[in-house]
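Q: I'm passing along work38.pdb; it holds PDB, C-alpha atoms.
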ATOM      1  CA  MET A 175     122.261 110.481  94.729
ATOM      2  CA  SER A 176     119.356 112.770  95.630
ATOM      3  CA  TRP A 177     118.614 114.992  98.607
ATOM      4  CA  THR A 178     115.404 116.483  99.987
ATOM      5  CA  VAL A 179     114.736 119.319 102.434
ATOM      6  CA  LEU A 180     111.277 119.957 103.917
ATOM      7  CA  THR A 181     109.877 122.386 106.471
ATOM      8  CA  THR A 182     107.095 121.621 108.960
ATOM      9  CA  LYS A 183     104.336 123.519 110.759
ATOM     10  CA  GLN A 184     106.425 123.211 113.915
ATOM     11  CA  SER A 185     109.142 125.402 112.336
ATOM     12  CA  THR A 186     111.529 122.486 112.021
ATOM     13  CA  VAL A 187     113.468 121.255 109.009
ATOM     14  CA  LEU A 188     113.517 117.663 107.783
ATOM     15  CA  TRP A 189     116.192 116.421 105.414
ATOM     16  CA  ARG A 190     117.330 113.172 103.895
ATOM     17  CA  VAL A 191     119.887 111.921 101.408
ATOM     18  CA  ILE A 192     119.376 108.858  99.212
ATOM     19  CA  LEU A 193     122.296 107.056  97.593
ATOM     20  CA  TYR A 194     121.209 104.674  94.845
ATOM     21  CA  LEU A 195     123.492 101.658  94.830
ATOM     22  CA  ASP A 196     124.875  99.953  91.749
ATOM     23  CA  GLY A 197     127.073  96.869  91.709
ATOM     24  CA  LYS A 198     130.189  98.622  93.042
ATOM     25  CA  THR A 199     128.561 100.934  95.577
ATOM     26  CA  LYS A 200     126.466  98.045  96.869
ATOM     27  CA  ARG A 201     129.669  96.212  97.752
ATOM     28  CA  ASP A 202     131.050  99.359  99.379
ATOM     29  CA  ASN A 203     127.860  99.679 101.455
ATOM     30  CA  ASP A 204     127.449  96.040 102.412
ATOM     31  CA  PRO A 205     124.459  95.936 104.804
ATOM     32  CA  PHE A 206     125.830  92.798 106.463
ATOM     33  CA  ARG A 207     128.835  94.691 107.795
ATOM     34  CA  ASN A 208     128.165  96.013 111.285
ATOM     35  CA  SER A 209     130.199  99.122 110.470
ATOM     36  CA  GLU A 210     127.547 100.191 107.943
ATOM     37  CA  TRP A 211     124.981 100.675 110.720
ATOM     38  CA  GLY A 212     127.009 102.821 113.116
ATOM     39  CA  PRO A 213     127.405 106.604 113.440
ATOM     40  CA  GLU A 214     130.674 106.527 111.486
ATOM     41  CA  ALA A 215     128.882 105.248 108.371
ATOM     42  CA  ALA A 216     126.242 107.980 108.675
ATOM     43  CA  GLU A 217     128.930 110.637 109.084
ATOM     44  CA  ALA A 218     130.846 109.354 106.058
ATOM     45  CA  MET A 219     127.712 109.554 103.935
ATOM     46  CA  CYS A 220     127.009 113.089 105.180
ATOM     47  CA  ASP A 221     130.510 114.153 104.144
ATOM     48  CA  GLN A 222     129.655 113.245 100.545
ATOM     49  CA  VAL A 223     126.816 115.783 100.378
ATOM     50  CA  ARG A 224     128.092 118.706 102.444
ATOM     51  CA  ASP A 225     128.499 120.942  99.406
ATOM     52  CA  PHE A 226     125.096 120.147  97.906
ATOM     53  CA  PRO A 227     123.048 123.378  97.574
ATOM     54  CA  ILE A 228     119.653 123.825  99.224
ATOM     55  CA  VAL A 229     116.934 126.461  98.875
ATOM     56  CA  SER A 230     117.052 128.617 101.998
ATOM     57  CA  GLY A 231     114.450 131.264 101.227
ATOM     58  CA  GLY A 232     116.929 133.985 102.155
ATOM     59  CA  THR A 233     119.786 135.842 100.540
ATOM     60  CA  THR A 234     122.517 133.659 102.028
ATOM     61  CA  PRO A 235     123.246 130.539  99.958
ATOM     62  CA  LEU A 236     123.154 127.412 102.087
ATOM     63  CA  THR A 237     124.368 123.871 101.604
ATOM     64  CA  MET A 238     123.523 120.533 103.168
ATOM     65  CA  GLY A 239     126.565 120.993 105.397
ATOM     66  CA  TYR A 240     124.733 123.654 107.414
ATOM     67  CA  LEU A 241     121.821 121.324 108.119
ATOM     68  CA  ILE A 242     124.137 118.460 108.996
ATOM     69  CA  ASP A 243     126.040 120.600 111.508
ATOM     70  CA  TRP A 244     122.814 121.964 113.035
ATOM     71  CA  THR A 245     121.330 118.472 113.477
ATOM     72  CA  PRO A 246     122.121 116.575 116.707
ATOM     73  CA  LYS A 247     124.337 113.626 115.807
ATOM     74  CA  GLU A 248     122.080 111.149 117.584
ATOM     75  CA  LEU A 249     119.261 112.057 115.172
ATOM     76  CA  ILE A 250     121.289 111.201 112.064
ATOM     77  CA  SER A 251     121.194 107.551 111.021
ATOM     78  CA  LYS A 252     121.924 105.485 107.944
ATOM     79  CA  VAL A 253     119.539 102.758 106.845
ATOM     80  CA  MET A 254     119.644 100.247 104.023
ATOM     81  CA  LEU A 255     116.591  99.924 101.783
ATOM     82  CA  GLU A 256     115.790  97.720  98.821
ATOM     83  CA  GLU A 257     113.302  97.804  95.965
ATOM     84  CA  LYS A 258     111.508  94.590  95.179
ATOM     85  CA  VAL A 259     108.085  93.062  94.519
ATOM     86  CA  PHE A 260     107.873  89.648  96.166
ATOM     87  CA  GLU A 261     106.026  86.709  94.632
ATOM     88  CA  THR A 262     104.714  85.297  97.919
ATOM     89  CA  TRP A 263     102.011  87.463  99.511
ATOM     90  CA  HIS A 264     100.155  84.910 101.607
ATOM     91  CA  ASP A 265     100.291  81.405 103.008
ATOM     92  CA  CYS A 266      97.431  79.583 104.702
ATOM     93  CA  ARG A 267      95.909  82.094 107.165
ATOM     94  CA  THR A 268      98.781  84.597 106.973
ATOM     95  CA  VAL A 269      98.767  87.527 104.531
ATOM     96  CA  LEU A 270     101.215  90.376 103.904
ATOM     97  CA  ILE A 271     100.628  94.005 102.953
ATOM     98  CA  GLY A 272     102.793  97.061 102.340
ATOM     99  CA  ASP A 273     106.570  96.778 102.575
ATOM    100  CA  ALA A 274     106.249  93.142 103.605
ATOM    101  CA  CYS A 275     105.381  92.198 100.008
ATOM    102  CA  HIS A 276     106.597  95.181  97.948
ATOM    103  CA  LYS A 277     109.326  97.723  98.655
ATOM    104  CA  PHE A 278     109.860 100.996  96.802
ATOM    105  CA  ASN A 279     112.208 103.942  96.780
ATOM    106  CA  PRO A 280     110.973 106.166  99.658
ATOM    107  CA  ALA A 281     111.470 109.388  97.686
ATOM    108  CA  GLY A 282     108.292 108.933  95.665
ATOM    109  CA  GLY A 283     105.865 108.214  98.500
ATOM    110  CA  LEU A 284     104.759 105.049  96.726
ATOM    111  CA  GLY A 285     105.255 102.771  99.709
ATOM    112  CA  ALA A 286     102.667 104.412 101.962
ATOM    113  CA  THR A 287     100.180 104.857  99.114
ATOM    114  CA  ASN A 288     100.339 101.239  98.017
ATOM    115  CA  ALA A 289     100.181  99.968 101.592
ATOM    116  CA  MET A 290      96.888 101.828 102.080
ATOM    117  CA  HIS A 291      95.568 100.471  98.786
ATOM    118  CA  ASP A 292      96.520  96.967  99.938
ATOM    119  CA  ALA A 293      94.597  97.477 103.165
ATOM    120  CA  VAL A 294      91.452  98.677 101.371
ATOM    121  CA  VAL A 295      91.354  95.752  98.935
ATOM    122  CA  LEU A 296      92.132  93.192 101.635
ATOM    123  CA  ALA A 297      89.478  94.657 103.957
ATOM    124  CA  ASN A 298      86.860  94.354 101.207
ATOM    125  CA  LEU A 299      87.638  90.688 100.681
ATOM    126  CA  ILE A 300      87.812  89.840 104.381
ATOM    127  CA  ASN A 301      84.512  91.633 104.931
ATOM    128  CA  ALA A 302      82.985  89.459 102.202
ATOM    129  CA  LEU A 303      83.992  86.171 103.839
ATOM    130  CA  PRO A 304      81.166  83.940 105.080
ATOM    131  CA  ASP A 305      80.320  83.897 108.776
ATOM    132  CA  HIS A 306      82.133  80.604 109.279
ATOM    133  CA  PRO A 307      84.900  80.544 106.665
ATOM    134  CA  ILE A 308      86.889  77.420 105.990
ATOM    135  CA  ALA A 309      90.566  77.417 105.033
ATOM    136  CA  SER A 310      89.857  77.492 101.297
ATOM    137  CA  ASP A 311      87.596  80.551 101.706
ATOM    138  CA  ILE A 312      90.407  82.465 103.378
ATOM    139  CA  GLU A 313      93.045  81.330 100.897
ATOM    140  CA  ASN A 314      90.815  82.273  97.950
ATOM    141  CA  ALA A 315      90.254  85.725  99.421
ATOM    142  CA  PHE A 316      93.985  86.236  99.931
ATOM    143  CA  GLN A 317      94.710  85.093  96.372
ATOM    144  CA  ALA A 318      92.070  87.482  95.013
ATOM    145  CA  TYR A 319      93.745  90.279  96.989
ATOM    146  CA  LYS A 320      97.127  89.486  95.445
ATOM    147  CA  ASP A 321      95.664  89.159  91.944
ATOM    148  CA  GLU A 322      94.095  92.604  92.215
ATOM    149  CA  ARG A 323      97.078  94.373  93.730
ATOM    150  CA  ILE A 324     100.235  92.850  92.259
ATOM    151  CA  SER A 325     100.001  94.534  88.847
ATOM    152  CA  TRP A 326      99.680  97.934  90.542
ATOM    153  CA  ALA A 327     102.633  97.097  92.780
ATOM    154  CA  LYS A 328     104.769  96.204  89.768
ATOM    155  CA  ASP A 329     103.773  99.453  88.038
ATOM    156  CA  ALA A 330     104.803 101.372  91.155
ATOM    157  CA  TYR A 331     108.109  99.483  91.231
ATOM    158  CA  ASN A 332     108.838 100.443  87.616
ATOM    159  CA  SER A 333     107.888 104.050  88.358
ATOM    160  CA  SER A 334     110.237 104.033  91.333
ATOM    161  CA  LYS A 335     113.073 102.729  89.159
ATOM    162  CA  SER A 336     112.429 105.493  86.625
ATOM    163  CA  PHE A 337     112.652 108.097  89.388
ATOM    164  CA  ARG A 338     115.937 106.592  90.541
ATOM    165  CA  ASP A 339     117.344 106.729  87.012
ATOM    166  CA  MET A 340     116.232 110.348  86.687
ATOM    167  CA  THR A 341     118.088 111.462  89.820
ATOM    168  CA  ALA A 342     121.428 109.940  88.807
ATOM    169  CA  THR A 343     124.379 111.999  87.576
ATOM    170  CA  SER A 344     124.978 110.165  84.295
ATOM    171  CA  TYR A 345     124.406 111.638  80.834
ATOM    172  CA  LYS A 346     121.434 109.319  80.465
ATOM    173  CA  ALA A 347     119.858 110.819  83.584
ATOM    174  CA  LYS A 348     120.456 114.352  82.309
ATOM    175  CA  ILE A 349     118.717 113.502  79.041
ATOM    176  CA  ILE A 350     115.783 112.003  80.963
ATOM    177  CA  ARG A 351     115.463 115.145  83.103
ATOM    178  CA  LEU A 352     115.600 117.348  80.010
ATOM    179  CA  GLY A 353     112.870 115.289  78.391
ATOM    180  CA  ALA A 354     110.746 115.525  81.546
ATOM    181  CA  ARG A 355     110.991 119.327  81.566
ATOM    182  CA  MET A 356     109.962 119.525  77.912
ATOM    183  CA  MET A 357     107.216 116.908  78.140
ATOM    184  CA  PRO A 358     103.851 118.040  76.677
ATOM    185  CA  SER A 359     100.810 118.088  78.946
ATOM    186  CA  TRP A 360      99.119 115.145  77.195
ATOM    187  CA  ALA A 361     102.147 112.956  77.909
ATOM    188  CA  GLU A 362     102.150 114.028  81.561
ATOM    189  CA  ARG A 363      98.516 113.001  81.892
ATOM    190  CA  LYS A 364      99.319 109.615  80.396
ATOM    191  CA  LEU A 365     102.085 109.080  82.933
ATOM    192  CA  LEU A 366      99.672 109.774  85.785
ATOM    193  CA  ILE A 367      97.868 106.505  85.173
ATOM    194  CA  SER A 368      98.576 105.445  88.754
ATOM    195  CA  SER A 369      96.177 108.158  89.937
ATOM    196  CA  GLU A 370      93.371 106.144  88.351
ATOM    197  CA  ASN A 371      93.864 103.492  91.019
ATOM    198  CA  ARG A 372      91.567 104.876  93.697
ATOM    199  CA  PRO A 373      90.197 101.867  95.608
ATOM    200  CA  GLN A 374      87.313 102.288  98.020
ATOM    201  CA  CYS A 375      85.876 100.233 100.865
ATOM    202  CA  ASN A 376      82.720  98.416  99.827
ATOM    203  CA  PHE A 377      81.343  98.492 103.386
ATOM    204  CA  LEU A 378      81.464 102.313 103.629
ATOM    205  CA  PRO A 379      79.574 105.003 101.682
ATOM    206  CA  LEU A 380      81.295 105.380  98.322
ATOM    207  CA  VAL A 381      82.939 108.641  97.337
ATOM    208  CA  THR A 382      81.495 110.166  94.179
ATOM    209  CA  ASN A 383      83.978 110.395  91.331
ATOM    210  CA  THR A 384      84.493 114.041  90.403
ATOM    211  CA  GLY A 385      87.863 113.709  88.687
ATOM    212  CA  SER A 386      88.651 114.226  85.034
ATOM    213  CA  SER A 387      89.271 110.497  84.537
ATOM    214  CA  PRO A 388      87.275 107.556  85.914
ATOM    215  CA  PRO A 389      88.879 105.294  88.522
ATOM    216  CA  ALA A 390      90.333 101.990  87.417
ATOM    217  CA  ALA A 391      88.270  98.834  87.772
ATOM    218  CA  GLN A 392      88.249  97.478  91.322
ATOM    219  CA  LEU A 393      87.013  93.900  91.542
ATOM    220  CA  SER A 394      87.045  93.791  95.342
ATOM    221  CA  LEU A 395      84.524  96.632  95.400
ATOM    222  CA  PHE A 396      81.877  94.119  94.323
ATOM    223  CA  ALA A 397      82.840  91.337  96.734
ATOM    224  CA  LYS A 398      79.784  90.386  98.790
ATOM    225  CA  ARG A 399      79.178  88.161 101.772
ATOM    226  CA  PRO A 400      77.268  84.985 100.791
ATOM    227  CA  GLN A 401      73.586  84.936 101.676
ATOM    228  CA  PRO A 402      72.362  82.388 104.261
ATOM    229  CA  ASP A 403      70.869  80.175 101.544
ATOM    230  CA  GLU A 404      74.167  80.018  99.616
ATOM    231  CA  VAL A 405      75.583  76.854 101.157
ATOM    232  CA  SER A 406      78.335  74.711  99.701
ATOM    233  CA  LYS A 407      77.974  70.974  99.178
ATOM    234  CA  ASP A 408      79.847  70.092 102.364
ATOM    235  CA  GLY A 409      77.427  72.140 104.451
ATOM    236  CA  ASN A 410      79.698  75.132 104.975
ATOM    237  CA  ASP A 411      79.032  78.638 103.773
ATOM    238  CA  SER A 412      80.296  79.176 100.253
ATOM    239  CA  ALA A 413      83.246  81.425  99.553
ATOM    240  CA  ALA A 414      82.638  85.025  98.605
ATOM    241  CA  ALA A 415      82.333  85.449  94.865
ATOM    242  CA  ILE A 416      83.942  88.315  93.005
TER     243      ILE A 416
END
Take the structure in this file and express it as structure tokens.
A:
Amino acid sequence: MSWTVLTTKQSTVLWRVILYLDGKTKRDNDPFRNSEWGPEAAEAMCDQVRDFPIVSGGTTPLTMGYLIDWTPKELISKVMLEEKVFETWHDCRTVLIGDACHKFNPAGGLGATNAMHDAVVLANLINALPDHPIASDIENAFQAYKDERISWAKDAYNSSKSFRDMTATSYKAKIIRLGARMMPSWAERKLLISSENRPQCNFLPLVTNTGSSPPAAQLSLFAKRPQPDEVSKDGNDSAAAI
């Protein structure tokens, strides 16, 4: 279980608690039971973390219980989340992005980041479609989008699982946290490989790379709309080549 407390520019406090479910706790928190979606379930979960300490910035030690009591009950809710990378990302003229095709632990911010990366890659490939695309053109573009993004999504999923393991209360988790605190800088840089995935839109001015490491290869960046003289055998515009 992990908990997070944040402050905002509006002088408000945001907090959340994440309970990572194993086989037993998943049965205890069955999402198909209506009782798990009501205020009683949220209150029961809050009771488990009342004594958890938080950083208050003052001299008085505070716990999560203070924030829970200060928060209007109607603003506290319990939701069920899952982590998974789906195999099906598109079908015919329908395509999925973000949580619709890959779901991650919300604590790491990987869901929003990968959803935006999905949108950039997909926009590049849609922009490169011919003026009058046929079904195969669209399906090929969607498949190219999945091929480019799915490996990054799986890496993010594995990273999310590692974060979940690190926040547990087992001896294994304590050893992982100890190793993370003692990790040398070169190892930290190696773990930040996901930062190399910095996709850009090929129909907008490109941002100059000024980082210490070059961005990862992005095939969709070179997707181009077929020229008028590039016509397929059946008389239709040819599909965009990557």
Q: For the file shown, what are the residues hit by the PyMOL selection byres ((chain A and resi 221) around 12), laid out as a ChimeraX atom specification?
A: /A:191,214-220,222-226,237-243
Q: How many Å lie between CA of His276 in chain A and CA of Ile312 in chain A, rounded to one decimal?
A: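 A separation of 21.3 Å between them.
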Q: Pull out every residue that the PyMOL selection byres ((chain A and resi 322-325) around 8) matches in the shown coordinates and put them as a ChimeraX atom specification.
A: /A:292,295,318-321,326-329,392-394
Q: Provide the CA of Val187 in chain A to CA of Leu284 in chain A distance in Å, to one decimal place.
A: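 Spanning CA of Val187 in chain A to CA of Leu284 in chain A is a straight-line distance of 22.1 Å.
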Q: Would you kindly translate the PyMOL selection byres ((chain A and resi 303) around 6) into the concrete residues it picks from this file, as a list in words?
A: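 Those residues are Ile300, Asn301, Ala302, Pro304, Arg399 and Ala414 of chain A.
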Q: I'd like to know which of A:Val269, A:Ala293, A:Cys375, A:Pro213 is closest to Lys247 in chain A, using all atoms listed in the file.
A: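 Distance minimum relative to Lys247 in chain A lands on A:Pro213.
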Q: Between A:Ala315, A:Val179, A:Ala390, A:Val381, single out the one closest to Val229 in chain A, counting only C-alpha atoms.
A: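 Of the candidates, the smallest distance to Val229 in chain A is held by A:Val179.
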